[in-house]
Amino acid sequence: MTGVAMSERSERRLAGDLVALTKPRIISLLLVTTVAPMFVAGHPSWWTVLLVSVGGYLMAGGANAVNMYLDRDIDDRMARTRLRPIPSGRMAPQAVLAFGIMLSTAATWMLAHFVNLLTAALALAGFYFYVFVYTRWLKRSTPQNIVIGGAAGAFPPLVGWAAVTGRVDLAAVFLFLIVFYWTPPHFWALALLKQHDYGRAGVPMAPLVWGERNTLDQMLWYTVLLIALTVLPVTFGAFGVVYLVAAAVLGGLLLRGVLRIRALHAKGAVWTQAAWWTYKYSLLYLALLFVAMVVDRAVR
Ligand code: HEM
Ligand SMILES: CC(C)=CCC/C(C)=C/CC/C(C)=C/COP(=O)(O)OP(=O)(O)O
């Protein structure tokens, strides 16, 4: 291979690693929960939507890169994360930290300058909550880590709402709570499958500390609460029948997934496939629920 071809390949690899540091697939859903609330809150211009999307990507991407810097020791001990840029030795930890800080600084500037101060402050609060409260503190210290720390992932609806209205209204708080209560069934379905990984890394995720049965009970309660919360905004007129039907059907399927894992687990049967289904479906659930909010507003 020529020197030019080799340097092209390493440049492409570096670009791929920089993108991987931001966890782009997770951000795609974070952006759905940022942008959909903008259309529920009002009639944003496409320019505002673009600015919030780019600013949101940079802030969440920066947070994810700093998460990879802080978690480099445990990422190295888990099969799921071992091939990330730091544990695989392709990137220096300090460079990853600098990259994360750069992205979040750019995001703060962009949102404050071109959108509004509240939007920048809320996005930055999400960054700090994820980096310091979840990653630095709770993740390694308590099985409630993803419940309390999960609040970080619930900031995007507030960001989108504030970008359009300049405020945080009650309806935005509901959207925050929906993502907050969605996080336990989303994550614990996966944690049940990856518990040995977490055990090797010494991370006290719920299935390891409480046991599988108790984790499944908790998932059930959070799912029931989530469904109740998704329906509640309809009772005070925030959404109509299109959203109500979507929330009921989508929520019913999530509940069925959780109940199925529990039933198979109780019988001593193989429940791993049901857990995979529930984890994967949780992603579709949240995306479709937020899309339904926008459709409901559009057809009313
Ligand atoms: C504390 C809260 C959360 C925890 C601990 C968590 C954890 C995880 C983990 C460990 C994965 C597997 C990623 C992988 O395979 O490397 C995952 C996947 C995913 N999560 Fe979450 N998550 C949380 C909140 C959220 C939020 C708020 C969103 C977006 C609204 C989200 C969206 C996603 C998506 C889209 C995937 C699939 C990624 C893929 O297929 O590569 N997560 N989550
Ligand atoms: C407004 C704003 C910027 C908010 C920040 C939102 C944000 C970045 C949420 C991320 C949620 C998430 C992927 C948690 C998993 O972390 P983990 O460390 O458990 O996952 P890992 O083991 O795959 O690294």
# chains A, B, ... in the order shown; residues from 1 in each chain; ligands from 1
$ residues_around --residues "Ala201 (chain A)" --least-positions-apart "6" --cutoff "7 Å" --atoms "only C-alpha atoms" --output "PyMOL selection string"
chain A and resi 74+77-78
$ write_last_selection --atoms "C-alpha atoms" --output "short mmCIF file (atom, residue, chain, number, x, y, z; two decimals), in the first residue's frame"
data_model
loop_
_atom_site.label_atom_id
_atom_site.label_comp_id
_atom_site.auth_asym_id
_atom_site.auth_seq_id
_atom_site.Cartn_x
_atom_site.Cartn_y
_atom_site.Cartn_z
CA ILE A 74 -15.04 0.11 32.60
CA ARG A 77 -13.79 -4.49 30.73
CA MET A 78 -17.09 -4.90 28.85
#
$ residues_near_ligand --ligand "ligand 1" --cutoff "9 Å" --atoms "only C-alpha atoms and all ligand atoms" --output "ChimeraX atom specification"
/A:23-34,80-81,130,134-135,139,145-156,179-180,182-184,186-188,190-191,194,279-280,282-284,286-287
$ residues_around --residues "Arg256 (chain A)" --least-positions-apart "6" --cutoff "10 Å" --atoms "only C-alpha atoms" --output "PDB file with C-alpha atoms, in the first residue's frame"
ATOM      1  CA  LEU A 220     -43.416  -3.227  35.273  1.00  0.00           C
ATOM      2  CA  THR A 223     -44.104   0.989  32.480  1.00  0.00           C
ATOM      3  CA  LEU A 250     -47.826   1.799  21.758  1.00  0.00           C
ATOM      4  CA  ARG A 262     -41.730 -11.650  33.538  1.00  0.00           C
ATOM      5  CA  ALA A 274     -38.390 -11.299  24.898  1.00  0.00           C
ATOM      6  CA  THR A 278     -38.607  -5.156  24.583  1.00  0.00           C
TER       7      THR A 278
END
$ select_by_dssp --residues "region 79-265 of chain A" --states "alpha helix (DSSP H)" --output "MDAnalysis selection string"
chainID A and resid 93:114 117:128 145:148 155:165 170:193 195:201 206:209 212:235 241:265
$ closest_residue --among "A:Gln144, A:Asn67, A:Thr105, A:Thr119" --to "ligand 2" --atoms "only C-alpha atoms and all ligand atoms"
A:Asn67
$ closest_residue --among "A:Phe99, A:Phe174, A:Trp46, A:Tyr198" --to "ligand 2" --atoms "only C-alpha atoms and all ligand atoms"
A:Tyr198
$ closest_residue --among "A:Val49, A:Val249, A:Leu288, A:Val35" --to "ligand 2" --atoms "only C-alpha atoms and all ligand atoms"
A:Val35
$ residues_around --residues "Leu70 (chain A)" --least-positions-apart "6" --cutoff "12 Å" --atoms "only C-alpha atoms" --output "list of chain:residue names"
A:Ala63, A:Asn64, A:Asp76, A:Ile86, A:Pro87, A:Pro93, A:Gln94, A:Val96, A:Leu97, A:Gly100, A:Tyr130, A:Val131, A:Phe132, A:Tyr134, A:Thr135, A:Arg136, A:Trp137, A:Lys139, A:Arg140
$ closest_residue --among "A:Ser141, A:Ser10, A:Thr165, A:Ser88" --to "Pro44 (chain A)" --atoms "only C-alpha atoms"
A:Thr165
$ closest_residue --among "A:Leu118, A:Met91, A:Met6, A:Val159" --to "ligand 2" --atoms "only C-alpha atoms and all ligand atoms"
A:Val159
$ residues_around --residues "Leu232 (chain A)" --least-positions-apart "3" --cutoff "12 Å" --atoms "only C-alpha atoms" --output "list in words"
Ala171, Phe174, Leu175, Leu177, Ile178, Leu225, Leu226, Ile227, Ala228, Leu229, Thr235, Phe236, Gly237, Ala238, Phe239, Gly240, Tyr243, Leu244, Ala247 and Ala248 of chain A
$ write_last_selection --atoms "N, CA and C atoms" --output "PDB file, in the first residue's frame"
ATOM      1  N   ALA A 171     -46.733  21.496  29.931  1.00  0.00           N
ATOM      2  CA  ALA A 171     -46.735  20.422  28.924  1.00  0.00           C
ATOM      3  C   ALA A 171     -45.305  19.914  28.683  1.00  0.00           C
ATOM      4  N   PHE A 174     -44.330  17.503  31.314  1.00  0.00           N
ATOM      5  CA  PHE A 174     -44.889  16.179  31.043  1.00  0.00           C
ATOM      6  C   PHE A 174     -43.991  15.397  30.079  1.00  0.00           C
ATOM      7  N   LEU A 175     -43.506  16.091  29.049  1.00  0.00           N
ATOM      8  CA  LEU A 175     -42.647  15.412  28.072  1.00  0.00           C
ATOM      9  C   LEU A 175     -41.351  14.953  28.747  1.00  0.00           C
ATOM     10  N   LEU A 177     -41.106  14.136  31.908  1.00  0.00           N
ATOM     11  CA  LEU A 177     -41.444  12.993  32.759  1.00  0.00           C
ATOM     12  C   LEU A 177     -41.659  11.721  31.942  1.00  0.00           C
ATOM     13  N   ILE A 178     -42.178  11.880  30.707  1.00  0.00           N
ATOM     14  CA  ILE A 178     -42.384  10.697  29.853  1.00  0.00           C
ATOM     15  C   ILE A 178     -41.036  10.028  29.564  1.00  0.00           C
ATOM     16  N   LEU A 225     -46.654   3.331  35.144  1.00  0.00           N
ATOM     17  CA  LEU A 225     -46.616   4.779  35.402  1.00  0.00           C
ATOM     18  C   LEU A 225     -46.431   5.566  34.109  1.00  0.00           C
ATOM     19  N   LEU A 226     -45.562   5.037  33.249  1.00  0.00           N
ATOM     20  CA  LEU A 226     -45.292   5.697  31.967  1.00  0.00           C
ATOM     21  C   LEU A 226     -46.576   5.798  31.141  1.00  0.00           C
ATOM     22  N   ILE A 227     -47.312   4.688  31.057  1.00  0.00           N
ATOM     23  CA  ILE A 227     -48.542   4.691  30.254  1.00  0.00           C
ATOM     24  C   ILE A 227     -49.540   5.698  30.839  1.00  0.00           C
ATOM     25  N   ALA A 228     -49.672   5.699  32.173  1.00  0.00           N
ATOM     26  CA  ALA A 228     -50.592   6.642  32.819  1.00  0.00           C
ATOM     27  C   ALA A 228     -50.181   8.087  32.503  1.00  0.00           C
ATOM     28  N   LEU A 229     -48.885   8.322  32.570  1.00  0.00           N
ATOM     29  CA  LEU A 229     -48.377   9.679  32.308  1.00  0.00           C
ATOM     30  C   LEU A 229     -48.588  10.124  30.866  1.00  0.00           C
ATOM     31  N   THR A 235     -56.222  14.396  29.139  1.00  0.00           N
ATOM     32  CA  THR A 235     -57.322  14.801  30.029  1.00  0.00           C
ATOM     33  C   THR A 235     -57.354  16.312  30.238  1.00  0.00           C
ATOM     34  N   PHE A 236     -56.224  16.992  30.121  1.00  0.00           N
ATOM     35  CA  PHE A 236     -56.312  18.453  30.216  1.00  0.00           C
ATOM     36  C   PHE A 236     -56.180  19.136  28.854  1.00  0.00           C
ATOM     37  N   GLY A 237     -56.481  18.372  27.797  1.00  0.00           N
ATOM     38  CA  GLY A 237     -56.661  18.965  26.477  1.00  0.00           C
ATOM     39  C   GLY A 237     -55.387  19.253  25.685  1.00  0.00           C
ATOM     40  N   ALA A 238     -54.247  18.772  26.174  1.00  0.00           N
ATOM     41  CA  ALA A 238     -52.997  19.054  25.448  1.00  0.00           C
ATOM     42  C   ALA A 238     -52.945  18.290  24.125  1.00  0.00           C
ATOM     43  N   PHE A 239     -53.519  17.082  24.103  1.00  0.00           N
ATOM     44  CA  PHE A 239     -53.544  16.278  22.878  1.00  0.00           C
ATOM     45  C   PHE A 239     -54.944  15.714  22.672  1.00  0.00           C
ATOM     46  N   GLY A 240     -55.189  15.235  21.432  1.00  0.00           N
ATOM     47  CA  GLY A 240     -56.509  14.704  21.109  1.00  0.00           C
ATOM     48  C   GLY A 240     -56.499  13.202  20.893  1.00  0.00           C
ATOM     49  N   TYR A 243     -53.441  11.117  19.219  1.00  0.00           N
ATOM     50  CA  TYR A 243     -52.361  10.838  20.168  1.00  0.00           C
ATOM     51  C   TYR A 243     -52.810   9.800  21.193  1.00  0.00           C
ATOM     52  N   LEU A 244     -54.045   9.931  21.674  1.00  0.00           N
ATOM     53  CA  LEU A 244     -54.540   9.008  22.706  1.00  0.00           C
ATOM     54  C   LEU A 244     -54.493   7.562  22.215  1.00  0.00           C
ATOM     55  N   ALA A 247     -50.843   6.498  21.991  1.00  0.00           N
ATOM     56  CA  ALA A 247     -50.240   6.271  23.311  1.00  0.00           C
ATOM     57  C   ALA A 247     -50.740   4.957  23.905  1.00  0.00           C
ATOM     58  N   ALA A 248     -52.045   4.667  23.710  1.00  0.00           N
ATOM     59  CA  ALA A 248     -52.613   3.441  24.288  1.00  0.00           C
ATOM     60  C   ALA A 248     -52.057   2.198  23.587  1.00  0.00           C
TER      61      ALA A 248
END
$ decode --residues "region 108-140 of chain A" --atoms "N, CA and C atoms" --output "PDB file, in the first residue's frame"
ATOM      1  N   THR A 108     -22.954  25.286  23.223  1.00  0.00           N
ATOM      2  CA  THR A 108     -23.441  26.326  24.141  1.00  0.00           C
ATOM      3  C   THR A 108     -23.444  27.681  23.437  1.00  0.00           C
ATOM      4  N   TRP A 109     -22.350  27.963  22.769  1.00  0.00           N
ATOM      5  CA  TRP A 109     -22.234  29.239  22.047  1.00  0.00           C
ATOM      6  C   TRP A 109     -23.320  29.354  20.974  1.00  0.00           C
ATOM      7  N   MET A 110     -23.457  28.279  20.204  1.00  0.00           N
ATOM      8  CA  MET A 110     -24.413  28.305  19.093  1.00  0.00           C
ATOM      9  C   MET A 110     -25.855  28.496  19.581  1.00  0.00           C
ATOM     10  N   LEU A 111     -26.238  27.734  20.597  1.00  0.00           N
ATOM     11  CA  LEU A 111     -27.620  27.821  21.095  1.00  0.00           C
ATOM     12  C   LEU A 111     -27.880  29.174  21.757  1.00  0.00           C
ATOM     13  N   ALA A 112     -26.892  29.661  22.515  1.00  0.00           N
ATOM     14  CA  ALA A 112     -27.080  30.944  23.207  1.00  0.00           C
ATOM     15  C   ALA A 112     -27.143  32.099  22.211  1.00  0.00           C
ATOM     16  N   HIS A 113     -26.288  32.022  21.186  1.00  0.00           N
ATOM     17  CA  HIS A 113     -26.155  33.113  20.233  1.00  0.00           C
ATOM     18  C   HIS A 113     -27.293  33.155  19.225  1.00  0.00           C
ATOM     19  N   PHE A 114     -27.684  31.970  18.716  1.00  0.00           N
ATOM     20  CA  PHE A 114     -28.651  31.935  17.613  1.00  0.00           C
ATOM     21  C   PHE A 114     -30.059  31.506  18.020  1.00  0.00           C
ATOM     22  N   VAL A 115     -30.213  30.895  19.209  1.00  0.00           N
ATOM     23  CA  VAL A 115     -31.562  30.458  19.619  1.00  0.00           C
ATOM     24  C   VAL A 115     -31.998  31.321  20.805  1.00  0.00           C
ATOM     25  N   ASN A 116     -31.728  30.894  22.019  1.00  0.00           N
ATOM     26  CA  ASN A 116     -31.918  31.779  23.173  1.00  0.00           C
ATOM     27  C   ASN A 116     -31.148  31.223  24.378  1.00  0.00           C
ATOM     28  N   LEU A 117     -31.003  32.048  25.400  1.00  0.00           N
ATOM     29  CA  LEU A 117     -30.168  31.671  26.551  1.00  0.00           C
ATOM     30  C   LEU A 117     -30.735  30.489  27.316  1.00  0.00           C
ATOM     31  N   LEU A 118     -32.077  30.458  27.457  1.00  0.00           N
ATOM     32  CA  LEU A 118     -32.701  29.365  28.212  1.00  0.00           C
ATOM     33  C   LEU A 118     -32.409  28.023  27.531  1.00  0.00           C
ATOM     34  N   THR A 119     -32.506  28.004  26.210  1.00  0.00           N
ATOM     35  CA  THR A 119     -32.244  26.768  25.461  1.00  0.00           C
ATOM     36  C   THR A 119     -30.805  26.304  25.701  1.00  0.00           C
ATOM     37  N   ALA A 120     -29.862  27.246  25.636  1.00  0.00           N
ATOM     38  CA  ALA A 120     -28.452  26.897  25.868  1.00  0.00           C
ATOM     39  C   ALA A 120     -28.262  26.392  27.298  1.00  0.00           C
ATOM     40  N   ALA A 121     -28.917  27.066  28.263  1.00  0.00           N
ATOM     41  CA  ALA A 121     -28.751  26.683  29.675  1.00  0.00           C
ATOM     42  C   ALA A 121     -29.321  25.290  29.930  1.00  0.00           C
ATOM     43  N   LEU A 122     -30.477  24.981  29.322  1.00  0.00           N
ATOM     44  CA  LEU A 122     -31.083  23.659  29.535  1.00  0.00           C
ATOM     45  C   LEU A 122     -30.234  22.555  28.892  1.00  0.00           C
ATOM     46  N   ALA A 123     -29.710  22.827  27.700  1.00  0.00           N
ATOM     47  CA  ALA A 123     -28.868  21.822  27.040  1.00  0.00           C
ATOM     48  C   ALA A 123     -27.591  21.592  27.858  1.00  0.00           C
ATOM     49  N   LEU A 124     -27.042  22.678  28.383  1.00  0.00           N
ATOM     50  CA  LEU A 124     -25.826  22.557  29.203  1.00  0.00           C
ATOM     51  C   LEU A 124     -26.130  21.819  30.507  1.00  0.00           C
ATOM     52  N   ALA A 125     -27.326  22.058  31.053  1.00  0.00           N
ATOM     53  CA  ALA A 125     -27.724  21.335  32.276  1.00  0.00           C
ATOM     54  C   ALA A 125     -27.800  19.834  31.982  1.00  0.00           C
ATOM     55  N   GLY A 126     -28.333  19.469  30.793  1.00  0.00           N
ATOM     56  CA  GLY A 126     -28.380  18.052  30.393  1.00  0.00           C
ATOM     57  C   GLY A 126     -26.981  17.468  30.314  1.00  0.00           C
ATOM     58  N   PHE A 127     -26.057  18.249  29.745  1.00  0.00           N
ATOM     59  CA  PHE A 127     -24.654  17.827  29.628  1.00  0.00           C
ATOM     60  C   PHE A 127     -24.075  17.551  31.020  1.00  0.00           C
ATOM     61  N   TYR A 128     -24.217  18.528  31.912  1.00  0.00           N
ATOM     62  CA  TYR A 128     -23.641  18.373  33.261  1.00  0.00           C
ATOM     63  C   TYR A 128     -24.288  17.229  34.013  1.00  0.00           C
ATOM     64  N   PHE A 129     -25.606  17.094  33.868  1.00  0.00           N
ATOM     65  CA  PHE A 129     -26.309  16.025  34.576  1.00  0.00           C
ATOM     66  C   PHE A 129     -25.803  14.662  34.112  1.00  0.00           C
ATOM     67  N   TYR A 130     -25.639  14.512  32.802  1.00  0.00           N
ATOM     68  CA  TYR A 130     -25.191  13.224  32.267  1.00  0.00           C
ATOM     69  C   TYR A 130     -23.739  12.941  32.661  1.00  0.00           C
ATOM     70  N   VAL A 131     -22.899  13.973  32.517  1.00  0.00           N
ATOM     71  CA  VAL A 131     -21.465  13.761  32.758  1.00  0.00           C
ATOM     72  C   VAL A 131     -21.161  13.605  34.255  1.00  0.00           C
ATOM     73  N   PHE A 132     -21.681  14.531  35.069  1.00  0.00           N
ATOM     74  CA  PHE A 132     -21.293  14.511  36.485  1.00  0.00           C
ATOM     75  C   PHE A 132     -22.236  13.690  37.362  1.00  0.00           C
ATOM     76  N   VAL A 133     -23.552  13.906  37.207  1.00  0.00           N
ATOM     77  CA  VAL A 133     -24.476  13.204  38.110  1.00  0.00           C
ATOM     78  C   VAL A 133     -24.566  11.716  37.733  1.00  0.00           C
ATOM     79  N   TYR A 134     -24.772  11.429  36.430  1.00  0.00           N
ATOM     80  CA  TYR A 134     -24.898  10.015  36.035  1.00  0.00           C
ATOM     81  C   TYR A 134     -23.531   9.330  35.939  1.00  0.00           C
ATOM     82  N   THR A 135     -22.695   9.789  34.994  1.00  0.00           N
ATOM     83  CA  THR A 135     -21.466   9.048  34.686  1.00  0.00           C
ATOM     84  C   THR A 135     -20.471   9.052  35.856  1.00  0.00           C
ATOM     85  N   ARG A 136     -20.219  10.238  36.374  1.00  0.00           N
ATOM     86  CA  ARG A 136     -19.162  10.377  37.365  1.00  0.00           C
ATOM     87  C   ARG A 136     -19.557   9.848  38.738  1.00  0.00           C
ATOM     88  N   TRP A 137     -20.849   9.995  39.052  1.00  0.00           N
ATOM     89  CA  TRP A 137     -21.257   9.681  40.418  1.00  0.00           C
ATOM     90  C   TRP A 137     -22.145   8.437  40.490  1.00  0.00           C
ATOM     91  N   LEU A 138     -23.391   8.511  39.951  1.00  0.00           N
ATOM     92  CA  LEU A 138     -24.370   7.465  40.221  1.00  0.00           C
ATOM     93  C   LEU A 138     -24.082   6.135  39.532  1.00  0.00           C
ATOM     94  N   LYS A 139     -23.555   6.170  38.307  1.00  0.00           N
ATOM     95  CA  LYS A 139     -23.400   4.935  37.534  1.00  0.00           C
ATOM     96  C   LYS A 139     -22.643   3.873  38.316  1.00  0.00           C
ATOM     97  N   ARG A 140     -21.602   4.302  39.043  1.00  0.00           N
ATOM     98  CA  ARG A 140     -20.772   3.329  39.756  1.00  0.00           C
ATOM     99  C   ARG A 140     -21.194   3.122  41.204  1.00  0.00           C
TER     100      ARG A 140
END
